[in-house]
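Asks: What follows is input-v9.cif, mmCIF, C-alpha atoms.
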```
data_upload
loop_
_atom_site.label_atom_id
_atom_site.label_comp_id
_atom_site.auth_asym_id
_atom_site.auth_seq_id
_atom_site.Cartn_x
_atom_site.Cartn_y
_atom_site.Cartn_z
CA MET Y 1 103.30 133.72 275.75
CA THR Y 2 102.80 135.47 272.43
CA SER Y 3 104.89 134.18 269.55
CA LEU Y 4 106.88 136.37 267.19
CA ALA Y 5 104.58 135.28 264.36
CA ALA Y 6 101.52 136.41 266.32
CA LEU Y 7 103.18 139.74 267.11
CA SER Y 8 104.04 140.16 263.44
CA ASP Y 9 100.43 139.40 262.45
CA ARG Y 10 99.09 141.89 265.00
CA LEU Y 11 101.40 144.63 263.72
CA ALA Y 12 100.40 143.88 260.13
CA ILE Y 13 96.70 144.14 261.07
CA VAL Y 14 97.22 147.43 262.93
CA ASP Y 15 99.03 148.70 259.83
CA LEU Y 16 96.06 147.56 257.70
CA LEU Y 17 93.63 149.51 259.89
CA HIS Y 18 95.82 152.61 259.65
CA ARG Y 19 96.16 152.28 255.84
CA TYR Y 20 92.36 152.43 255.65
CA ALA Y 21 92.39 155.81 257.41
CA THR Y 22 95.30 157.06 255.31
CA GLY Y 23 93.48 156.10 252.10
CA LEU Y 24 90.43 158.09 253.21
CA ASP Y 25 92.34 161.18 254.30
CA THR Y 26 94.71 161.35 251.33
CA LYS Y 27 91.87 160.50 248.93
CA ASP Y 28 94.00 157.63 247.66
CA TRP Y 29 91.16 155.38 246.54
CA GLU Y 30 93.56 152.73 245.22
CA LEU Y 31 95.12 152.46 248.69
CA LEU Y 32 91.66 152.29 250.24
CA ALA Y 33 90.60 149.52 247.85
CA SER Y 34 93.76 147.55 248.69
CA VAL Y 35 92.77 147.06 252.34
CA PHE Y 36 89.72 144.97 251.37
CA THR Y 37 89.39 141.49 249.92
CA ALA Y 38 87.94 141.30 246.40
CA ASP Y 39 84.57 140.41 247.97
CA GLY Y 40 85.00 142.74 250.95
CA VAL Y 41 82.00 144.45 252.49
CA ALA Y 42 81.73 147.72 254.39
CA ASP Y 43 78.55 148.31 256.37
CA TYR Y 44 78.41 152.00 257.22
CA GLY Y 45 74.82 151.75 258.47
CA ALA Y 46 72.93 155.06 258.50
CA LEU Y 47 76.12 156.84 257.39
CA GLY Y 48 76.40 155.04 254.05
CA GLY Y 49 74.65 151.69 253.95
CA LEU Y 50 76.02 148.32 252.89
CA ASN Y 51 78.71 148.42 250.20
CA GLU Y 52 79.94 145.23 248.56
CA GLY Y 53 83.35 145.09 246.90
CA PRO Y 54 86.24 147.56 246.93
CA ALA Y 55 84.88 149.53 243.95
CA ALA Y 56 81.54 150.19 245.69
CA ILE Y 57 83.29 151.07 248.95
CA CYS Y 58 85.59 153.53 247.17
CA LYS Y 59 82.71 155.03 245.21
CA LEU Y 60 80.80 155.76 248.42
CA CYS Y 61 83.87 157.14 250.23
CA SER Y 62 85.05 159.28 247.32
CA GLY Y 63 81.54 160.68 246.94
CA ALA Y 64 81.33 161.53 250.64
CA LEU Y 65 84.88 162.77 251.19
CA GLY Y 66 86.15 163.84 247.77
CA GLY Y 67 84.67 167.34 247.94
CA LEU Y 68 85.80 168.10 251.48
CA ASP Y 69 88.66 170.48 252.19
CA ALA Y 70 90.10 167.93 254.62
CA SER Y 71 89.32 164.92 256.75
CA GLN Y 72 91.22 163.19 259.50
CA HIS Y 73 90.38 159.65 260.59
CA ILE Y 74 92.11 158.60 263.79
CA ILE Y 75 92.24 154.88 264.62
CA THR Y 76 93.05 153.75 268.16
CA ASN Y 77 92.48 151.12 270.88
CA GLU Y 78 92.87 148.19 268.50
CA VAL Y 79 91.83 144.83 269.96
CA ILE Y 80 92.78 141.93 267.71
CA GLU Y 81 91.89 138.25 268.10
CA LEU Y 82 93.92 135.91 265.87
CA ASP Y 83 92.69 132.50 264.72
CA GLY Y 84 95.12 131.11 262.15
CA ASP Y 85 94.52 132.89 258.85
CA ARG Y 86 91.49 134.72 260.21
CA ALA Y 87 91.15 137.50 262.75
CA THR Y 88 88.63 139.83 264.26
CA ALA Y 89 89.47 143.37 265.19
CA ARG Y 90 87.69 146.20 266.96
CA CYS Y 91 89.05 149.70 267.04
CA TYR Y 92 87.84 153.13 267.98
CA PHE Y 93 87.76 155.87 265.39
CA GLN Y 94 87.30 159.59 265.43
CA ALA Y 95 86.73 161.28 262.09
CA GLN Y 96 86.78 165.01 261.48
CA HIS Y 97 85.38 166.35 258.22
CA VAL Y 98 86.06 169.93 257.10
CA PHE Y 99 84.37 172.13 254.52
CA THR Y 100 85.50 175.71 254.94
CA GLY Y 101 82.64 178.19 254.70
CA ALA Y 102 79.75 175.77 255.23
CA GLU Y 103 76.67 177.46 256.65
CA GLY Y 104 76.46 176.49 260.33
CA GLY Y 105 80.16 175.67 260.76
CA ASP Y 106 83.13 174.16 258.99
CA ASN Y 107 83.41 170.88 260.93
CA PHE Y 108 81.53 167.64 261.44
CA LEU Y 109 82.94 165.00 263.78
CA VAL Y 110 81.97 161.36 264.21
CA GLY Y 111 83.29 158.93 266.79
CA GLY Y 112 82.61 155.24 267.15
CA THR Y 113 83.93 151.77 266.46
CA TYR Y 114 84.91 149.63 263.51
CA ASP Y 115 84.34 145.89 263.90
CA ASP Y 116 86.22 143.85 261.33
CA GLU Y 117 86.51 140.32 260.02
CA ILE Y 118 90.00 140.06 258.58
CA VAL Y 119 91.63 137.29 256.54
CA ARG Y 120 95.17 136.50 255.47
CA THR Y 121 95.49 136.52 251.67
CA ALA Y 122 98.41 136.00 249.31
CA ASP Y 123 98.85 139.80 249.49
CA GLY Y 124 98.73 139.95 253.30
CA TRP Y 125 95.93 140.70 255.75
CA ARG Y 126 92.76 142.21 254.25
CA ILE Y 127 89.38 143.30 255.60
CA LYS Y 128 86.60 140.93 254.55
CA HIS Y 129 83.80 142.67 256.46
CA ARG Y 130 83.78 146.03 258.24
CA THR Y 131 80.95 147.40 260.35
CA LEU Y 132 80.99 151.05 261.41
CA THR Y 133 79.03 151.89 264.55
CA PRO Y 134 78.85 155.59 265.37
CA THR Y 135 78.57 156.36 269.09
CA TRP Y 136 78.55 160.14 268.89
CA MET Y 137 78.44 163.02 266.40
CA ASP Y 138 79.11 166.71 266.80
CA GLY Y 139 79.12 169.72 264.55
CA ASN Y 140 77.58 170.50 261.22
CA PRO Y 141 76.49 167.64 258.91
CA VAL Y 142 75.91 170.24 256.17
CA VAL Y 143 79.63 169.91 255.34
CA PHE Y 144 78.76 166.71 253.45
CA GLU Y 145 76.01 168.42 251.43
CA ARG Y 146 78.44 171.18 250.46
CA ALA Y 147 81.15 168.63 249.59
CA THR Y 148 78.72 166.66 247.39
CA ALA Y 149 77.62 169.86 245.63
CA ARG Y 150 81.29 170.78 245.03
CA LEU Y 151 81.94 167.38 243.44
CA ALA Y 152 78.83 167.65 241.26
CA ALA Y 153 79.82 171.14 240.10
CA GLY Y 154 83.33 169.91 239.30
CA SER Y 155 82.05 167.03 237.18
CA ALA Y 156 79.62 169.34 235.36
CA SER Y 157 82.41 171.64 234.16
#
```
Show me this structure written as structure tokens.

Replies:
Amino acid sequence: MTSLAALSDRLAIVDLLHRYATGLDTKDWELLASVFTADGVADYGALGGLNEGPAAICKLCSGALGGLDASQHIITNEVIELDGDRATARCYFQAQHVFTGAEGGDNFLVGGTYDDEIVRTADGWRIKHRTLTPTWMDGNPVVFERATARLAAGSAS
């Protein structure tokens, strides 16, 4: 039988995973940083490499997503294993990235999994290590090139 404390922890972790997606899609980099421990790591593999610490994670994400017209990261199928003040989680994600007017199409989609090591801190549950594994991609990756160029042009003015 699952205890109320375990149910509460599971809900808090699901909320943590969803706050990550909300931070990305609203470009709220402070919110995004808050889901990681101070020494948190995000391994985005071929899509962004290994990033250590919330500042590095936010720098990569803001550089990749900041110039887009929109993005939508959907998190689902969360499987959480609790072990005291530690947990592991795996969830599916689907991420749509939009740059209106990009040559070759406005959309680039990525689907895959996030595998997380999560710890309870004084501020609640936080991601200590996240690994992104893409399982499929569709659409036009040029949207990221256009978004990066838009950011560069904005900082040059």

Asks: With distances taken over only C-alpha atoms, which residue among Y:Cys91, Y:Ala122, Y:Val98, Y:Cys58 lies nearest Ser71 of chain Y?

Replies: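 So, comparing all the options, the nearest one is Y:Val98.
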
Asks: Set the distance at 12 Å and use all atoms listed in the file: which residues neighbour Leu17 of chain Y once local chain neighbours fewer than 5 positions away are removed? I'd like the list as JSON, numbers by chain.

Replies: {"Y": [10, 11, 12, 22, 23, 24, 31, 32, 34, 35, 36, 73, 74, 75, 76, 77, 78, 79, 80, 88, 89, 90, 91, 92, 93, 113, 114, 115, 116, 117, 118, 125, 126, 127, 130]}

Asks: I'd like to see the residues matched by the PyMOL selection byres ((chain Y and resi 106) around 12) on this file, and ideally I'd get them as number ranges by chain.

Replies: Y: 68-71, 96-105, 107-109, 138-147

Asks: Keeping only C-alpha atoms, write the selected residues to a file as a compact mmCIF listing (two decimals), keeping the file's coordinate frame.

Replies:
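Contents of out_9.txt, freshly written:
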```txt
# COMPACT_ATOMS: atom_id res chain seq x y z
CA LEU Y 68 85.80 168.10 251.48
CA ASP Y 69 88.66 170.48 252.19
CA ALA Y 70 90.10 167.93 254.62
CA SER Y 71 89.32 164.92 256.75
CA GLN Y 96 86.78 165.01 261.48
CA HIS Y 97 85.38 166.35 258.22
CA VAL Y 98 86.06 169.93 257.10
CA PHE Y 99 84.37 172.13 254.52
CA THR Y 100 85.50 175.71 254.94
CA GLY Y 101 82.64 178.19 254.70
CA ALA Y 102 79.75 175.77 255.23
CA GLU Y 103 76.67 177.46 256.65
CA GLY Y 104 76.46 176.49 260.33
CA GLY Y 105 80.16 175.67 260.76
CA ASN Y 107 83.41 170.88 260.93
CA PHE Y 108 81.53 167.64 261.44
CA LEU Y 109 82.94 165.00 263.78
CA ASP Y 138 79.11 166.71 266.80
CA GLY Y 139 79.12 169.72 264.55
CA ASN Y 140 77.58 170.50 261.22
CA PRO Y 141 76.49 167.64 258.91
CA VAL Y 142 75.91 170.24 256.17
CA VAL Y 143 79.63 169.91 255.34
CA PHE Y 144 78.76 166.71 253.45
CA GLU Y 145 76.01 168.42 251.43
CA ARG Y 146 78.44 171.18 250.46
CA ALA Y 147 81.15 168.63 249.59
```

Asks: How many Å separate atom CA of Asn51 of chain Y from atom CA of Ala38 of chain Y?

Replies: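 The value is 12.3 Å.
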
Asks: Y:Lys128, Y:Arg150, Y:Arg19, Y:Arg120: which is nearest Thr37 of chain Y, counting only C-alpha atoms?

Replies: Y:Lys128

Asks: So how far away is atom CA of Tyr44 of chain Y from atom CA of Gly111 of chain Y, in Å?

Replies: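 Atom CA of Tyr44 of chain Y lies at a distance of 12.8 Å from atom CA of Gly111 of chain Y.
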
Asks: I'd like to know which of Y:Val41, Y:Met137, Y:Leu82, Y:Val119 is closest to Ala95 of chain Y, using all atoms listed in the file.

Replies: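 The closest residue to Ala95 of chain Y is Y:Met137.
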
Asks: Tell me which protein, DNA and RNA residues are within 9 Å of Leu47 of chain Y, counting all atoms listed in the file, leaving out same-chain ones fewer than 2 positions away, and put them as JSON, numbers by chain.

Replies: {"Y": [43, 44, 45, 49, 132, 134]}

Asks: Output C-alpha atoms for every residue in that selection, as a short mmCIF file (atom, residue, chain, number, x, y, z; two decimals), keeping the file's coordinate frame.

Replies:
```cif
data_model
loop_
_atom_site.label_atom_id
_atom_site.label_comp_id
_atom_site.auth_asym_id
_atom_site.auth_seq_id
_atom_site.Cartn_x
_atom_site.Cartn_y
_atom_site.Cartn_z
CA ASP Y 43 78.55 148.31 256.37
CA TYR Y 44 78.41 152.00 257.22
CA GLY Y 45 74.82 151.75 258.47
CA GLY Y 49 74.65 151.69 253.95
CA LEU Y 132 80.99 151.05 261.41
CA PRO Y 134 78.85 155.59 265.37
#
```

Asks: Would you mind telling me which residue in Y:Lys27, Y:Gln72, Y:Asp39, Y:Ala33 lies nearest to Ala55 of chain Y when using only C-alpha atoms?

Replies: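 Distance minimum relative to Ala55 of chain Y lands on Y:Ala33.
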
Asks: Tell me which of Y:Lys59, Y:Val110, Y:Ala153, Y:Leu50 sits closest to His129 of chain Y, counting only C-alpha atoms.

Replies: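 The shortest atom-to-atom distance to His129 of chain Y comes from Y:Leu50.
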
Asks: Provide the atom CA of Leu60 of chain Y to atom CA of Gly48 of chain Y distance in Å, to one decimal place.

Replies: 7.2 Å

Asks: Hey, which of Y:Trp136, Y:Thr121, Y:Gly67, Y:Leu7 ends up closest to Ala152 of chain Y? Count only C-alpha atoms.

Replies: Y:Gly67

Asks: Please, could N, CA and C atoms be added to segment 69-85 of chain Y and the result written as a CSV table (one decimal), keeping the file's coordinate frame?

Replies:
```
chain,number,residue,atom,x,y,z
Y,69,ASP,N,87.4,169.8,252.1
Y,69,ASP,CA,88.7,170.5,252.2
Y,69,ASP,C,89.7,169.6,252.9
Y,70,ALA,N,89.2,168.8,253.9
Y,70,ALA,CA,90.1,167.9,254.6
Y,70,ALA,C,89.3,167.0,255.4
Y,71,SER,N,89.9,165.8,255.8
Y,71,SER,CA,89.3,164.9,256.8
Y,71,SER,C,90.5,164.3,257.5
Y,72,GLN,N,90.2,163.9,258.7
Y,72,GLN,CA,91.2,163.2,259.5
Y,72,GLN,C,90.5,162.1,260.3
Y,73,HIS,N,90.9,160.8,259.9
Y,73,HIS,CA,90.4,159.6,260.6
Y,73,HIS,C,91.5,159.1,261.5
Y,74,ILE,N,91.2,159.1,262.8
Y,74,ILE,CA,92.1,158.6,263.8
Y,74,ILE,C,91.6,157.2,264.3
Y,75,ILE,N,92.5,156.3,264.2
Y,75,ILE,CA,92.2,154.9,264.6
Y,75,ILE,C,93.0,154.6,265.9
Y,76,THR,N,92.4,154.0,266.9
Y,76,THR,CA,93.0,153.8,268.2
Y,76,THR,C,92.4,152.6,268.9
Y,77,ASN,N,93.0,152.2,270.0
Y,77,ASN,CA,92.5,151.1,270.9
Y,77,ASN,C,92.2,149.8,270.1
Y,78,GLU,N,93.1,149.4,269.3
Y,78,GLU,CA,92.9,148.2,268.5
Y,78,GLU,C,92.9,147.0,269.4
Y,79,VAL,N,91.9,146.1,269.3
Y,79,VAL,CA,91.8,144.8,270.0
Y,79,VAL,C,91.7,143.8,268.9
Y,80,ILE,N,92.7,142.9,268.8
Y,80,ILE,CA,92.8,141.9,267.7
Y,80,ILE,C,92.8,140.5,268.3
Y,81,GLU,N,91.9,139.7,267.7
Y,81,GLU,CA,91.9,138.2,268.1
Y,81,GLU,C,92.3,137.4,266.9
Y,82,LEU,N,93.4,136.7,267.0
Y,82,LEU,CA,93.9,135.9,265.9
Y,82,LEU,C,93.4,134.5,266.0
Y,83,ASP,N,93.1,133.9,264.8
Y,83,ASP,CA,92.7,132.5,264.7
Y,83,ASP,C,93.2,131.9,263.4
Y,84,GLY,N,94.5,131.6,263.4
Y,84,GLY,CA,95.1,131.1,262.2
Y,84,GLY,C,95.2,132.2,261.1
Y,85,ASP,N,94.5,131.9,260.0
Y,85,ASP,CA,94.5,132.9,258.8
Y,85,ASP,C,93.3,133.8,258.9
```
